[in-house]
Structure formats: C-alpha cells, structure tokens
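Next comes final_28.csv, with CSV, C-alpha atoms.
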chain,number,residue,atom,x,y,z
A,1,MET,CA,80.8,56.1,-82.5
A,2,ALA,CA,81.3,59.6,-81.1
A,3,GLU,CA,84.8,60.7,-80.2
A,4,MET,CA,85.7,60.4,-76.6
A,5,GLY,CA,85.4,63.6,-74.5
A,6,LEU,CA,88.5,64.5,-72.5
A,7,GLY,CA,87.6,64.1,-68.8
A,8,TYR,CA,83.9,63.9,-69.2
A,9,GLY,CA,81.1,61.9,-70.9
A,10,SER,CA,79.9,58.3,-70.8
A,11,GLU,CA,82.7,56.9,-73.0
A,12,PHE,CA,85.4,58.6,-71.0
A,13,GLN,CA,83.9,57.6,-67.7
A,14,LEU,CA,83.5,53.9,-68.7
A,15,MET,CA,87.1,53.7,-69.9
A,16,ARG,CA,88.1,55.4,-66.6
A,17,PHE,CA,86.3,53.0,-64.5
A,18,LEU,CA,87.5,50.0,-66.5
A,19,GLY,CA,91.0,51.2,-66.2
A,20,HIS,CA,91.2,52.8,-62.8
A,21,HIS,CA,88.3,51.5,-60.7
A,22,ARG,CA,87.4,48.1,-62.2
A,23,ASN,CA,87.0,46.3,-58.9
A,24,TYR,CA,84.4,49.0,-57.9
A,25,LEU,CA,82.7,48.7,-61.2
A,26,ASN,CA,82.6,44.9,-61.1
A,27,LYS,CA,81.2,44.9,-57.6
A,28,LEU,CA,78.4,47.3,-58.6
A,29,ILE,CA,77.6,44.9,-61.5
A,30,CYS,CA,77.6,41.8,-59.3
A,31,ASP,CA,75.4,43.5,-56.7
A,32,ALA,CA,72.9,44.7,-59.4
A,33,THR,CA,72.7,41.4,-61.4
A,34,HIS,CA,72.8,39.1,-58.4
A,35,ILE,CA,75.2,36.9,-60.3
A,36,ASP,CA,78.3,35.7,-58.4
A,37,GLY,CA,80.8,34.9,-61.1
A,38,SER,CA,83.9,36.1,-62.8
A,39,ILE,CA,83.3,39.0,-65.1
A,40,HIS,CA,85.1,38.7,-68.5
A,41,TRP,CA,85.2,42.0,-70.4
A,42,LEU,CA,85.6,41.8,-74.2
A,43,ASP,CA,88.4,43.9,-75.6
A,44,PHE,CA,87.3,46.5,-78.1
A,45,PRO,CA,87.8,46.0,-81.8
A,46,ILE,CA,90.7,48.0,-83.5
A,47,ASN,CA,89.8,50.7,-85.9
A,48,ASP,CA,92.4,53.1,-87.2
A,49,ASN,CA,89.8,55.7,-88.3
A,50,GLY,CA,89.0,56.8,-84.7
A,51,CYS,CA,91.4,59.0,-82.7
A,52,SER,CA,91.6,56.3,-80.0
A,53,GLY,CA,92.5,53.6,-82.6
A,54,ASP,CA,89.6,51.5,-81.4
A,55,THR,CA,85.8,51.3,-82.0
A,56,GLU,CA,82.7,49.8,-80.4
A,57,TRP,CA,81.2,46.4,-81.0
A,58,LYS,CA,78.2,46.6,-83.3
A,59,GLY,CA,75.2,44.3,-83.7
A,60,ILE,CA,76.1,40.6,-83.6
A,61,GLU,CA,79.9,41.0,-84.3
A,62,CYS,CA,80.8,39.7,-80.8
A,63,PHE,CA,79.3,36.3,-81.7
A,64,LYS,CA,81.7,35.6,-84.6
A,65,ASP,CA,83.6,32.9,-82.7
A,66,LEU,CA,80.4,30.9,-82.0
A,67,SER,CA,80.2,27.7,-84.0
A,68,ASN,CA,76.8,28.5,-85.4
A,69,TYR,CA,77.6,32.1,-86.3
A,70,ARG,CA,76.6,31.7,-89.9
A,71,GLU,CA,73.1,30.6,-88.9
A,72,ILE,CA,72.9,33.5,-86.4
A,73,GLU,CA,74.0,35.9,-89.1
A,74,LYS,CA,71.4,34.7,-91.5
A,75,LYS,CA,68.6,35.1,-89.0
A,76,TRP,CA,70.0,38.6,-88.1
A,77,ASN,CA,69.9,39.7,-91.7
A,78,GLU,CA,66.2,38.9,-91.7
A,79,PHE,CA,65.6,40.5,-88.3
A,80,TRP,CA,67.4,43.8,-88.7
A,81,PRO,CA,68.3,46.0,-91.7
A,82,GLN,CA,71.8,45.7,-93.0
A,83,SER,CA,72.0,49.2,-94.3
A,84,GLY,CA,72.7,52.0,-91.9
A,85,ASN,CA,74.2,51.5,-88.4
A,86,ALA,CA,73.4,48.5,-86.2
A,87,MET,CA,73.4,48.8,-82.4
A,88,ASN,CA,76.7,50.1,-81.1
A,89,TRP,CA,77.6,48.7,-77.7
A,90,ASP,CA,79.5,50.8,-75.2
A,91,GLY,CA,80.9,47.6,-73.7
A,92,ILE,CA,80.3,43.8,-73.6
A,93,PHE,CA,81.2,41.3,-70.9
A,94,LYS,CA,80.3,37.8,-70.0
A,95,ILE,CA,79.5,36.1,-66.7
A,96,ASP,CA,79.6,32.3,-67.2
A,97,ASP,CA,77.4,31.7,-70.3
A,98,THR,CA,75.5,35.0,-70.1
A,99,TRP,CA,76.3,38.0,-72.4
A,100,PHE,CA,75.8,41.5,-71.0
A,101,PHE,CA,75.5,44.4,-73.4
A,102,VAL,CA,76.3,47.8,-71.9
A,103,GLU,CA,74.7,51.2,-72.4
A,104,ALA,CA,76.5,54.0,-70.6
A,105,LYS,CA,75.0,57.4,-70.1
A,106,ALA,CA,76.5,60.6,-68.5
A,107,HIS,CA,73.7,63.1,-69.2
A,108,LYS,CA,69.9,62.7,-69.4
A,109,GLU,CA,69.5,63.8,-73.0
A,110,GLU,CA,71.4,60.7,-74.2
A,111,SER,CA,68.4,58.5,-73.1
A,112,TYR,CA,65.9,60.0,-75.6
A,113,GLN,CA,66.6,59.2,-79.2
A,114,LYS,CA,64.3,58.7,-82.2
A,115,CYS,CA,64.7,56.2,-85.1
A,116,SER,CA,66.7,57.8,-87.9
A,117,ALA,CA,66.0,55.1,-90.6
A,118,LYS,CA,64.7,56.7,-93.8
A,119,SER,CA,64.2,53.7,-96.1
A,120,GLU,CA,60.7,52.4,-96.2
A,121,ALA,CA,62.0,48.8,-96.3
A,122,SER,CA,64.2,49.3,-93.3
A,123,ARG,CA,61.5,50.9,-91.3
A,124,LYS,CA,59.2,48.0,-92.1
A,125,THR,CA,61.8,45.5,-90.9
A,126,ILE,CA,62.5,47.4,-87.8
A,127,GLY,CA,58.8,48.0,-87.0
A,128,ASN,CA,58.0,44.3,-87.4
A,129,SER,CA,60.9,43.2,-85.1
A,130,LEU,CA,60.0,45.8,-82.5
A,131,GLN,CA,56.4,44.7,-82.6
A,132,GLU,CA,57.4,41.1,-82.0
A,133,THR,CA,59.5,42.3,-79.1
A,134,GLN,CA,56.5,44.2,-77.6
A,135,HIS,CA,54.5,40.9,-77.7
A,136,TRP,CA,57.4,39.0,-76.2
A,137,LEU,CA,57.7,41.4,-73.2
A,138,LYS,CA,53.9,41.7,-72.9
A,139,ALA,CA,54.1,45.5,-73.2
A,140,THR,CA,50.9,47.3,-72.7
A,141,PRO,CA,49.4,49.0,-75.7
A,142,SER,CA,51.3,52.3,-76.4
A,143,ILE,CA,52.6,54.1,-79.4
A,144,LYS,CA,54.6,52.1,-82.0
A,145,TRP,CA,58.1,51.7,-80.6
A,146,ILE,CA,59.6,52.8,-83.9
A,147,ASP,CA,58.0,56.2,-83.4
A,148,SER,CA,59.0,56.5,-79.7
A,149,SER,CA,61.4,59.0,-78.2
A,150,CYS,CA,62.9,55.9,-76.5
A,151,TYR,CA,63.8,54.1,-79.7
A,152,GLN,CA,67.3,53.3,-78.5
A,153,LEU,CA,66.0,51.3,-75.5
A,154,ALA,CA,63.4,49.7,-77.8
A,155,ASN,CA,66.0,48.4,-80.2
A,156,ARG,CA,68.2,47.2,-77.4
A,157,LEU,CA,65.3,45.2,-76.0
A,158,ALA,CA,64.7,43.9,-79.6
A,159,PHE,CA,68.3,42.6,-79.6
A,160,LEU,CA,67.6,40.7,-76.4
A,161,TYR,CA,64.6,39.1,-78.1
A,162,PHE,CA,66.7,38.2,-81.1
A,163,CYS,CA,69.3,36.5,-78.8
A,164,GLU,CA,66.6,34.6,-77.0
A,165,GLN,CA,65.3,33.3,-80.3
A,166,GLN,CA,68.8,32.0,-81.1
A,167,GLY,CA,69.3,30.3,-77.7
A,168,ILE,CA,71.8,32.9,-76.5
A,169,LYS,CA,71.6,34.1,-72.9
A,170,ALA,CA,71.8,37.9,-73.0
A,171,LYS,CA,70.9,40.8,-70.8
A,172,LEU,CA,71.3,44.6,-70.8
A,173,LEU,CA,73.3,46.6,-68.3
A,174,TYR,CA,72.5,50.3,-68.2
A,175,ILE,CA,75.2,52.5,-66.5
A,176,GLY,CA,74.1,56.0,-65.4
A,177,PHE,CA,77.1,57.9,-64.3
A,178,ILE,CA,76.5,60.3,-61.4
A,179,LYS,CA,78.2,63.7,-61.9
A,180,GLY,CA,80.0,62.4,-65.0
A,181,TYR,CA,79.5,65.3,-67.5
A,182,ARG,CA,81.1,68.4,-65.8
A,183,ARG,CA,78.2,70.7,-66.8
A,184,LYS,CA,75.8,70.8,-63.9
A,185,LYS,CA,72.7,71.6,-66.1
A,186,ASP,CA,73.3,68.4,-68.1
A,187,GLU,CA,74.7,65.9,-65.7
A,188,VAL,CA,72.7,63.7,-63.3
A,189,GLN,CA,73.3,64.2,-59.6
A,190,THR,CA,71.9,61.1,-58.0
A,191,ALA,CA,71.1,57.4,-58.6
A,192,GLU,CA,67.4,58.3,-57.9
A,193,GLU,CA,67.3,60.8,-60.7
A,194,TRP,CA,68.7,58.2,-63.1
A,195,MET,CA,66.1,55.7,-61.9
A,196,ASP,CA,63.4,58.2,-62.6
A,197,ILE,CA,64.7,58.5,-66.2
A,198,TRP,CA,64.8,54.8,-66.7
A,199,LYS,CA,61.3,54.4,-65.3
A,200,GLU,CA,60.0,57.1,-67.6
A,201,GLU,CA,61.6,55.4,-70.6
A,202,MET,CA,60.0,52.1,-69.7
A,203,GLU,CA,56.6,53.7,-69.2
A,204,ILE,CA,56.8,55.3,-72.6
A,205,LEU,CA,57.3,51.8,-74.1
A,206,GLY,CA,54.4,50.4,-72.1
A,207,LEU,CA,56.6,48.5,-69.7
A,208,ASN,CA,56.9,48.3,-65.9
A,209,ILE,CA,60.5,48.6,-64.7
A,210,GLU,CA,59.8,46.3,-61.8
A,211,ASP,CA,59.0,43.5,-64.2
A,212,MET,CA,62.2,43.9,-66.3
A,213,SER,CA,64.8,42.6,-63.9
A,214,ASP,CA,65.3,39.4,-65.9
A,215,TYR,CA,66.3,41.5,-68.9
A,216,ILE,CA,68.0,44.7,-67.7
A,217,SER,CA,70.0,45.9,-64.7
A,218,PHE,CA,71.1,49.4,-63.7
A,219,ILE,CA,74.1,50.7,-61.9
A,220,HIS,CA,75.2,54.3,-61.0
A,221,PRO,CA,78.9,54.8,-60.4
A,222,ASP,CA,79.8,58.0,-58.6
A,223,CYS,CA,82.3,59.8,-60.7
A,224,GLU,CA,83.4,62.2,-57.9
A,225,ASN,CA,83.7,59.5,-55.2
A,226,PRO,CA,84.4,56.1,-56.6
A,227,ALA,CA,85.0,53.6,-53.9
A,228,VAL,CA,88.4,52.1,-53.5
A,229,ILE,CA,88.2,48.3,-53.3
Before we go any further, please render this structure as structure tokens.
Amino acid sequence: MAEMGLGYGSEFQLMRFLGHHRNYLNKLICDATHIDGSIHWLDFPINDNGCSGDTEWKGIECFKDLSNYREIEKKWNEFWPQSGNAMNWDGIFKIDDTWFFVEAKAHKEESYQKCSAKSEASRKTIGNSLQETQHWLKATPSIKWIDSSCYQLANRLAFLYFCEQQGIKAKLLYIGFIKGYRRKKDEVQTAEEWMDIWKEEMEILGLNIEDMSDYISFIHPDCENPAVI
C-alpha cells in the first residue's frame, strides 16, 4: 500500500469522497450499478506500520467472518500464490448480499501494470488461474494475461471468477477521478477519457467492455466540482 498523497492521488481522493462527499459518491455508485439498496462500506483494517495507522484489505481477508471461511481459504491457497502480495483493495462495500471491490485511479499510468511475480511456481499458478478466467469470460484469443500490460485488471477479474466458484456474489467498481492528481500532464480531465482507457484495457485482454456490465461498473467523480447532495 503506497502512502497517501496530501491533497492528490486516488487514495486521498477516495478518502475525501468517503468523508466529505459520501452521498454524492454513493449516488454515482447506485446509478452505475443499477442497484437500489443501502451501501455498507467496510472499515479499513488497522496497521501501525503505515503513517495513517490503517491499511487496505488484501485478497480474501474480508471474508473471514463467513461461516465457510476455512473452506474458502483452502480453495484460495490453491488458486493464488501465498508468497508475494495478494490483491490490495482500495475499498470494499456491500449492497445486500453482493460484495463490491473498488479500484480507484487518479492518473492514467496507474491502469497499466505488469506481473511482478518471479517464482516459476507462482507464475504457473497465476497463469493457470488467469487462463481459467479467460475461458469463463469467453475472452477472444489474445496474449497470455500474465504477460499483459493490464495484469492488474486481469487479476481483479480472476478474483471475481474465484468468488463465483465459491458461490460469493462479487463485482468490481472502478473509480476514475476527474482532475484528481494536480499535475495536468498526468491527470485525466473527463469521464470520456477514462472510458477510453478502460476500453483499451479490456481490448488488450480480448474483452468487449459492453459485455462486462455484469462484472464491472465505472464511475468518475469530479474532484473540482463534487455535487452537494
């Protein structure tokens, strides 16, 4: 987990909107997901090693209170390497019985990341799980997801596949903050620009963004002019 930027960046902006503009944020979420229900945000885990005193949820940690967690954990250990770092979630919330896992971005370069796993065993496990996910989503033939420049999106989609296999209702919410990074050359100026980035990522993975609405939603809060609700 990177340390929070003061006054800029995706982590700061998400904390700002959760603290100061939560009604606006929640309205954007309900409009994008087409789910009319109460949004319950999970509090973040405490971690004294970070300057904020907190940390992000990782992997399947949020499921620890489920009665079948031990079974889920066993399956997870087979599905994803336990060395290195599992998926870090910028936020998690629930609407009824559906879990939403949040990825927040404030500049375009955050969207393109490559797999950093070095171990041959870890890469084999990741590769196999990503390949299963490709089949599940009926992705058109493309490069192996583990070698993709959109590896982060690929492993987030693999997490959804894992949840589906365990009978857990789960979706992704991608937040692209408009004008949320202070430096004009880095930040994204419009929702349309963010959507072009998301579409390109999907195309790299052999997916059509129009076919992904059951799995992922997108919102674009305006950091300069958040609506007051």
Inset, instruction - Select, from A:Leu205, A:Ile60, A:Ile175, A:Leu66, the residue with the minimum atom-to-atom distance to A:Gln131, counting all atoms listed in the file. - result: A:Leu205
Legend entry - Residue among A:Ile178, A:Leu14, A:Leu25, A:Leu172 lying closest to A:Ser213, counting all atoms listed in the file: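 Checking each candidate against A:Ser213, we get A:Leu172 as the closest.
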Legend entry - Atom pair atom CA of A:Glu193 / atom CA of A:Pro141: separation (Å): 26.2 Å
Inset, instruction - Would you mind telling me which residue in A:Met202, A:Ile92, A:Ile126, A:Ala106 lies nearest to A:Leu153 when using all atoms listed in the file? - result: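 The answer is A:Met202, which sits nearest to A:Leu153.
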Report as an mmCIF file with C-alpha atoms, keeping the file's coordinate frame all protein, DNA and RNA residues lying within 12 Å of A:Lys58, evaluated on only C-alpha atoms, omitting residues in the same chain fewer than 5 positions from it.
data_model
loop_
_atom_site.group_PDB
_atom_site.id
_atom_site.type_symbol
_atom_site.label_atom_id
_atom_site.label_comp_id
_atom_site.auth_asym_id
_atom_site.auth_seq_id
_atom_site.Cartn_x
_atom_site.Cartn_y
_atom_site.Cartn_z
ATOM 1 C CA MET A 1 80.800 56.100 -82.500
ATOM 2 C CA PHE A 44 87.300 46.500 -78.100
ATOM 3 C CA PRO A 45 87.800 46.000 -81.800
ATOM 4 C CA PHE A 63 79.300 36.300 -81.700
ATOM 5 C CA LYS A 64 81.700 35.600 -84.600
ATOM 6 C CA GLN A 82 71.800 45.700 -93.000
ATOM 7 C CA GLY A 84 72.700 52.000 -91.900
ATOM 8 C CA ASN A 85 74.200 51.500 -88.400
ATOM 9 C CA ALA A 86 73.400 48.500 -86.200
ATOM 10 C CA MET A 87 73.400 48.800 -82.400
ATOM 11 C CA ASN A 88 76.700 50.100 -81.100
ATOM 12 C CA TRP A 89 77.600 48.700 -77.700
ATOM 13 C CA ASP A 90 79.500 50.800 -75.200
ATOM 14 C CA GLY A 91 80.900 47.600 -73.700
ATOM 15 C CA ILE A 92 80.300 43.800 -73.600
ATOM 16 C CA PHE A 101 75.500 44.400 -73.400
ATOM 17 C CA VAL A 102 76.300 47.800 -71.900
ATOM 18 C CA ARG A 156 68.200 47.200 -77.400
ATOM 19 C CA PHE A 159 68.300 42.600 -79.600
#
Legend entry - d(atom CA of A:Thr140, atom CA of A:Phe100) in Å: 25.6 Å
Inset, instruction - May I ask for the distance between atom CA of A:His220 and atom CA of A:Gly19, given in Å to one decimal place? - result: 16.9 Å
Legend entry - Selection: 12 Å around A:Gly206, only C-alpha atoms, excl. self and same-chain fewer than 3 positions, as a list in words: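 That gives Thr133, Gln134, His135, Leu137, Lys138, Ala139, Thr140, Pro141, Ser142, Ile143, Lys144, Trp145, Ser148, Cys150, Ala154, Lys199, Glu200, Glu201, Met202, Glu203, Ile209, Asp211 and Met212 of chain A.
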Legend entry - Of the listed residues A:Thr98, A:Asn68, A:Asn47, A:Gln152, that which approaches A:Thr33 most closely, counting all atoms listed in the file: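 Among the listed residues, A:Thr98 lies closest to A:Thr33.
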Output stretch 108-128 of chain A as a JSON list (two decimals), in the coordinates of the input, making sure N, CA, C and O atoms are there.
[["chain", "number", "residue", "atom", "x", "y", "z"],
["A", 108, "LYS", "N", 71.30, 63.23, -69.20],
["A", 108, "LYS", "CA", 69.90, 62.70, -69.40],
["A", 108, "LYS", "C", 69.49, 62.73, -70.86],
["A", 108, "LYS", "O", 68.73, 61.85, -71.27],
["A", 109, "GLU", "N", 69.96, 63.68, -71.67],
["A", 109, "GLU", "CA", 69.50, 63.80, -73.00],
["A", 109, "GLU", "C", 69.92, 62.57, -73.89],
["A", 109, "GLU", "O", 69.34, 62.30, -74.94],
["A", 110, "GLU", "N", 70.97, 61.85, -73.45],
["A", 110, "GLU", "CA", 71.40, 60.70, -74.20],
["A", 110, "GLU", "C", 70.35, 59.57, -74.19],
["A", 110, "GLU", "O", 70.39, 58.67, -75.03],
["A", 111, "SER", "N", 69.42, 59.63, -73.26],
["A", 111, "SER", "CA", 68.40, 58.50, -73.10],
["A", 111, "SER", "C", 67.31, 58.63, -74.12],
["A", 111, "SER", "O", 66.62, 57.64, -74.35],
["A", 112, "TYR", "N", 67.11, 59.79, -74.72],
["A", 112, "TYR", "CA", 65.90, 60.00, -75.60],
["A", 112, "TYR", "C", 66.39, 60.19, -77.02],
["A", 112, "TYR", "O", 66.95, 61.23, -77.36],
["A", 113, "GLN", "N", 66.16, 59.16, -77.84],
["A", 113, "GLN", "CA", 66.60, 59.20, -79.20],
["A", 113, "GLN", "C", 65.47, 58.63, -80.11],
["A", 113, "GLN", "O", 64.77, 57.70, -79.71],
["A", 114, "LYS", "N", 65.35, 59.16, -81.32],
["A", 114, "LYS", "CA", 64.30, 58.70, -82.20],
["A", 114, "LYS", "C", 64.98, 57.89, -83.36],
["A", 114, "LYS", "O", 66.17, 58.01, -83.63],
["A", 115, "CYS", "N", 64.20, 57.07, -84.02],
["A", 115, "CYS", "CA", 64.70, 56.20, -85.10],
["A", 115, "CYS", "C", 65.05, 57.16, -86.30],
["A", 115, "CYS", "O", 64.26, 58.01, -86.71],
["A", 116, "SER", "N", 66.25, 56.97, -86.83],
["A", 116, "SER", "CA", 66.70, 57.80, -87.90],
["A", 116, "SER", "C", 66.64, 57.09, -89.29],
["A", 116, "SER", "O", 67.03, 57.66, -90.32],
["A", 117, "ALA", "N", 66.13, 55.86, -89.31],
["A", 117, "ALA", "CA", 66.00, 55.10, -90.60],
["A", 117, "ALA", "C", 65.08, 55.83, -91.54],
["A", 117, "ALA", "O", 63.98, 56.22, -91.14],
["A", 118, "LYS", "N", 65.49, 55.98, -92.78],
["A", 118, "LYS", "CA", 64.70, 56.70, -93.80],
["A", 118, "LYS", "C", 64.03, 55.72, -94.77],
["A", 118, "LYS", "O", 62.92, 55.96, -95.26],
["A", 119, "SER", "N", 64.72, 54.64, -95.09],
["A", 119, "SER", "CA", 64.20, 53.70, -96.10],
["A", 119, "SER", "C", 62.92, 53.05, -95.60],
["A", 119, "SER", "O", 62.80, 52.60, -94.46],
["A", 120, "GLU", "N", 61.95, 52.99, -96.50],
["A", 120, "GLU", "CA", 60.70, 52.40, -96.20],
["A", 120, "GLU", "C", 60.84, 50.89, -95.83],
["A", 120, "GLU", "O", 60.22, 50.37, -94.88],
["A", 121, "ALA", "N", 61.71, 50.21, -96.57],
["A", 121, "ALA", "CA", 62.00, 48.80, -96.30],
["A", 121, "ALA", "C", 62.60, 48.58, -94.95],
["A", 121, "ALA", "O", 62.24, 47.67, -94.20],
["A", 122, "SER", "N", 63.58, 49.44, -94.62],
["A", 122, "SER", "CA", 64.20, 49.30, -93.30],
["A", 122, "SER", "C", 63.28, 49.58, -92.18],
["A", 122, "SER", "O", 63.26, 48.85, -91.18],
["A", 123, "ARG", "N", 62.45, 50.60, -92.33],
["A", 123, "ARG", "CA", 61.50, 50.90, -91.30],
["A", 123, "ARG", "C", 60.48, 49.80, -91.09],
["A", 123, "ARG", "O", 60.04, 49.52, -89.97],
["A", 124, "LYS", "N", 60.10, 49.14, -92.17],
["A", 124, "LYS", "CA", 59.20, 48.00, -92.10],
["A", 124, "LYS", "C", 59.80, 46.87, -91.31],
["A", 124, "LYS", "O", 59.15, 46.28, -90.42],
["A", 125, "THR", "N", 61.06, 46.54, -91.63],
["A", 125, "THR", "CA", 61.80, 45.50, -90.90],
["A", 125, "THR", "C", 61.91, 45.78, -89.46],
["A", 125, "THR", "O", 61.64, 44.94, -88.59],
["A", 126, "ILE", "N", 62.35, 47.00, -89.17],
["A", 126, "ILE", "CA", 62.50, 47.40, -87.80],
["A", 126, "ILE", "C", 61.18, 47.38, -87.04],
["A", 126, "ILE", "O", 61.08, 46.84, -85.92],
["A", 127, "GLY", "N", 60.15, 47.93, -87.68],
["A", 127, "GLY", "CA", 58.80, 48.00, -87.00],
["A", 127, "GLY", "C", 58.31, 46.59, -86.71],
["A", 127, "GLY", "O", 57.76, 46.36, -85.62],
["A", 128, "ASN", "N", 58.49, 45.64, -87.63],
["A", 128, "ASN", "CA", 58.00, 44.30, -87.40],
["A", 128, "ASN", "C", 58.77, 43.62, -86.23],
["A", 128, "ASN", "O", 58.18, 42.95, -85.37]]
